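Participant: Attaching a single structure in structure tokens format; questions to follow.
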Amino acid sequence: MSEAVWLLVSFVAQLLERDEREAVRGDLVEAGESAWPALVDVLGLVVRRQAGLWKNWRPWLAAFGLALPSTFLLMGYSLSVSQTYQHFIGPTILKTTGLTLGPGFSLLMCNVLLLIGWSWTGGFVVGSLSRRTVWVSAALSCLPSLFCLARFRVESLSRFCLLLFLVPAIWGLWRGLRITRIKLSSALFLAVAVTALTVPTWSGKGPWIPNWALSWPAWYLVATAGRPIWLLRKERNGE
Amino acid sequence: MIGEFEYLLITAAVRLGEEAYGAAIRQEIEATTGRRCSLGALYTTVDRLETKGFFRTRMGDATPQRGGRAKRMVRVTPKGVQAAKDFYHAVTRVSQGVSWAANRTESLS
């Protein structure tokens with residue numbers, strides 16, 4: 001039993017910074033603490049640390065201003081991309097002869113690139129805004145995903161088409177956690193490309209106005225591209 | 001002005017000198033006050049004192065009795081010593097004349 005509790009202690013301690021985790025676990029060993037008091041101690045420290053992080057605006061913006069609403073919008077857009085594919089490309093491919101790629105194909109490509117751009121920049125900004133609370137942002141993304149997956153009722157499409165955004169979003173998140181910001185030229189290129197790609201969606205059906213909200217992470221990257229990396233890291237760690 | 005727990009931490013760290021680190025400070029506080037000191041309270045207060053410039057910390061060497069894990073060593077800065085002195089003088093002054101402090105603070109006036 002106590003071994004299982006010590007495993008739990010190790011698991012919970014993963015939420016602490018590396019140096020602090022090292023010091024705390026060493027202190028517990030040195031003090032000869034038993035498993036349950038050790039768990040209570042580490043949990044107490046983790047709760048205090050996490051609570052301290054939420055005094056800053058960044059975790060709030062990352063979790064409730066970006067991860068949660070963007071997941072809904074990106075799932076909607078993933079569905080729209082799947083329907084566009086089904087409408088314009090699916091039948092063409094099925095014909096096997098006389099493969100013609102008309103204006104539908106270019107619209108589909110725009111949609112796919114836009115989905116990748118929005119998902120990647122959104123994931124990147126979530127990761128770069130608040131590294132230590134990223135698990136909350138991830139959980140807040142999972143909730144709407146599970147909710148929508150459970151209620152998906154489109155006969156002709158797989159429910160997993162809602163999750164097309166997931167791969168570029170995770171890729172962006174991973175990059176955001178590692179490098180915090182990108183070069184100004186790259187950020188500017190991304191922001192202009194994402195904004196330009198939204199233009200064809202104006203003529204399309206569906207609620208495109210809320211989707212504009214998905215473009216702000218790209219411009220956020222432009223705004224932060226010129227800032228020193230140490231300052232961004234200090235800010236995101238809530239120091 | 002620092003708080004009571006911050007004062008305890010600074011005093012324990014000064015008393016321990018070069019051997020001031022998490023587990024030792026915790027043991028010192030528990031031994032002198034008879035109260036349990038949680039790791040959460042200890043490390044968040046150490047961070048706060050470091051932010052205020054009263055502590056400097058660094059990672060020490062790993063030792064076998066700690067399972068090969070490093071200590072977070074603490075050193076009190078002159079600013080921290082001054083803050084503890086100010087707290088102590090404020091407490092002793094405000095305690096003058098009260099029943100529980102009789103015969104302890106008379107000499108300070």
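Residues in the structure tokens are named by chain (A, B, ... in the order shown) and by number from 1 within that chain; ligands are numbered from 1 in the order shown.
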Mind checking which residues fall within 12 Å of stretch 17-21 of chain A, counting only C-alpha atoms, ignoring those fewer than 6 positions away in the same chain, and posting them as a ChimeraX atom specification?

Facilitator: /A:9-11,27-28,42-43,45-46,49-50,131-133,237 /B:21-22,39-40,42-44,46-47,57-62,69-73

Participant: Identify every residue of chain A that has at least one atom within 7 Å of any atom of chain B, counting only C-alpha atoms, and report the result as an MDAnalysis selection string.

Facilitator: chainID A and resid 22:23 26:27 29:31 41 44:45 48

Participant: Using DSSP on the backbone coordinates, identify all residues within chain A classified as alpha helix (DSSP H); present the result as number ranges by chain.

Facilitator: A: 2-13, 18-31, 35-53, 57-60, 68-84, 90-95, 103-129, 134-150, 166-179, 184-198, 208-211, 216-225, 229-236

Participant: Mind the document's chain letters and residue numbers, and return as a list in words the residues of chain B that DSSP labels strand (DSSP E).

Facilitator: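 Listing strand (DSSP E) positions across chain B yields Phe55, Arg56, Thr57, Arg58, Met59, Gly60, Asp61, Ala62, Thr63, Arg69, Ala70, Lys71, Arg72, Met73, Val74, Arg75 and Val76 of chain B.
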
Participant: Could the residues in this selection be written to a file with N, CA and C atoms, as a short mmCIF file (atom, residue, chain, number, x, y, z; two decimals), in the first residue's frame?

Facilitator:
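This is the output file result.cif:
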data_model
loop_
_atom_site.label_atom_id
_atom_site.label_comp_id
_atom_site.auth_asym_id
_atom_site.auth_seq_id
_atom_site.Cartn_x
_atom_site.Cartn_y
_atom_site.Cartn_z
N PHE B 55 16.31 36.34 1.33
CA PHE B 55 17.00 35.05 1.20
C PHE B 55 17.69 34.97 -0.15
N ARG B 56 18.78 34.19 -0.18
CA ARG B 56 19.33 33.75 -1.46
C ARG B 56 19.37 32.24 -1.40
N THR B 57 18.92 31.58 -2.47
CA THR B 57 18.95 30.11 -2.44
C THR B 57 19.76 29.58 -3.62
N ARG B 58 20.26 28.38 -3.44
CA ARG B 58 20.96 27.69 -4.52
C ARG B 58 20.79 26.19 -4.29
N MET B 59 20.96 25.42 -5.35
CA MET B 59 20.88 23.96 -5.21
C MET B 59 22.23 23.43 -4.74
N GLY B 60 22.20 22.67 -3.65
CA GLY B 60 23.43 22.11 -3.09
C GLY B 60 23.74 20.74 -3.70
N ASP B 61 24.64 20.05 -3.05
CA ASP B 61 25.04 18.73 -3.55
C ASP B 61 24.03 17.66 -3.14
N ALA B 62 24.02 16.59 -3.92
CA ALA B 62 23.18 15.44 -3.58
C ALA B 62 23.90 14.61 -2.51
N THR B 63 23.14 14.08 -1.57
CA THR B 63 23.75 13.24 -0.53
C THR B 63 23.03 11.90 -0.45
N ARG B 69 19.46 12.97 -3.65
CA ARG B 69 18.81 14.19 -4.14
C ARG B 69 19.43 15.43 -3.52
N ALA B 70 19.41 16.51 -4.29
CA ALA B 70 20.08 17.74 -3.87
C ALA B 70 19.25 18.50 -2.83
N LYS B 71 19.97 19.36 -2.06
CA LYS B 71 19.30 20.22 -1.09
C LYS B 71 19.11 21.61 -1.70
N ARG B 72 18.10 22.30 -1.24
CA ARG B 72 17.98 23.70 -1.65
C ARG B 72 18.54 24.54 -0.49
N MET B 73 19.75 25.00 -0.66
CA MET B 73 20.44 25.71 0.40
C MET B 73 19.94 27.15 0.48
N VAL B 74 19.86 27.65 1.70
CA VAL B 74 19.31 28.98 1.96
C VAL B 74 20.35 29.83 2.67
N ARG B 75 20.47 31.08 2.24
CA ARG B 75 21.35 32.01 2.96
C ARG B 75 20.58 33.30 3.20
N VAL B 76 20.67 33.80 4.43
CA VAL B 76 19.94 35.03 4.77
C VAL B 76 20.80 36.22 4.36
#

Participant: Might you pull out every residue within 7 Å of stretch 214-218 of chain A, with only C-alpha atoms counted and same-chain residues fewer than 4 positions away left off, and present them as number ranges by chain?

Facilitator: A: 70, 118, 121-122, 125, 187, 190-191, 194-195, 222

Participant: Write the residues of the selection above to a file with N, CA and C atoms, as a PDB file, in the first residue's frame.

Facilitator:
ATOM      1  N   SER A  70     -11.665  28.105 -28.226  1.00  0.00           N
ATOM      2  CA  SER A  70     -11.075  27.710 -29.512  1.00  0.00           C
ATOM      3  C   SER A  70     -11.380  26.259 -29.848  1.00  0.00           C
ATOM      4  N   TRP A 118      -4.718  28.048 -37.722  1.00  0.00           N
ATOM      5  CA  TRP A 118      -5.423  28.410 -36.480  1.00  0.00           C
ATOM      6  C   TRP A 118      -5.062  27.455 -35.341  1.00  0.00           C
ATOM      7  N   THR A 121      -1.230  27.907 -34.264  1.00  0.00           N
ATOM      8  CA  THR A 121      -0.957  29.150 -33.518  1.00  0.00           C
ATOM      9  C   THR A 121      -1.678  29.140 -32.168  1.00  0.00           C
ATOM     10  N   GLY A 122      -2.895  28.611 -32.149  1.00  0.00           N
ATOM     11  CA  GLY A 122      -3.626  28.515 -30.877  1.00  0.00           C
ATOM     12  C   GLY A 122      -2.887  27.642 -29.885  1.00  0.00           C
ATOM     13  N   VAL A 125       0.326  29.393 -28.653  1.00  0.00           N
ATOM     14  CA  VAL A 125       0.112  30.473 -27.676  1.00  0.00           C
ATOM     15  C   VAL A 125      -0.298  29.896 -26.312  1.00  0.00           C
ATOM     16  N   ALA A 187       6.565  34.905 -37.624  1.00  0.00           N
ATOM     17  CA  ALA A 187       5.291  35.253 -36.983  1.00  0.00           C
ATOM     18  C   ALA A 187       4.447  36.113 -37.915  1.00  0.00           C
ATOM     19  N   LEU A 190       3.062  34.027 -40.754  1.00  0.00           N
ATOM     20  CA  LEU A 190       1.946  33.203 -40.269  1.00  0.00           C
ATOM     21  C   LEU A 190       0.678  34.036 -40.106  1.00  0.00           C
ATOM     22  N   ALA A 191       0.831  35.210 -39.464  1.00  0.00           N
ATOM     23  CA  ALA A 191      -0.336  36.050 -39.171  1.00  0.00           C
ATOM     24  C   ALA A 191      -0.986  36.547 -40.456  1.00  0.00           C
ATOM     25  N   VAL A 194      -2.640  33.516 -42.250  1.00  0.00           N
ATOM     26  CA  VAL A 194      -3.879  33.090 -41.586  1.00  0.00           C
ATOM     27  C   VAL A 194      -4.992  34.095 -41.863  1.00  0.00           C
ATOM     28  N   THR A 195      -4.663  35.376 -41.774  1.00  0.00           N
ATOM     29  CA  THR A 195      -5.676  36.405 -42.010  1.00  0.00           C
ATOM     30  C   THR A 195      -6.147  36.372 -43.465  1.00  0.00           C
ATOM     31  N   VAL A 222       3.035  37.789 -33.329  1.00  0.00           N
ATOM     32  CA  VAL A 222       3.744  38.934 -33.920  1.00  0.00           C
ATOM     33  C   VAL A 222       4.098  39.932 -32.815  1.00  0.00           C
TER      34      VAL A 222
END

Participant: Compile the contact shell of A:Gly104 as a ChimeraX atom specification: residues with an atom at most 10 Å away, counting only C-alpha atoms, same-chain residues fewer than 4 positions apart removed.

Facilitator: /A:84-85,87-89,108-110

Participant: Please determine, counting only C-alpha atoms, which residue among A:Leu157, A:Ala67, A:Ala51, A:Leu15 has the shortest atom-to-atom distance to A:Leu143.

Facilitator: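 Smallest distance to A:Leu143 is found for A:Ala67.
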
Participant: Determine the nearest neighbour of A:Leu166 from the options A:Phe189, A:Tyr77, A:Phe152, A:Trp219, counting only C-alpha atoms.

Facilitator: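 Closest candidate: A:Tyr77.
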
Participant: Please compute the atom CA of A:Ile170-atom CA of A:Leu221 distance, one decimal, in Å.

Facilitator: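 Separation of atom CA of A:Ile170 and atom CA of A:Leu221: 16.8 Å.
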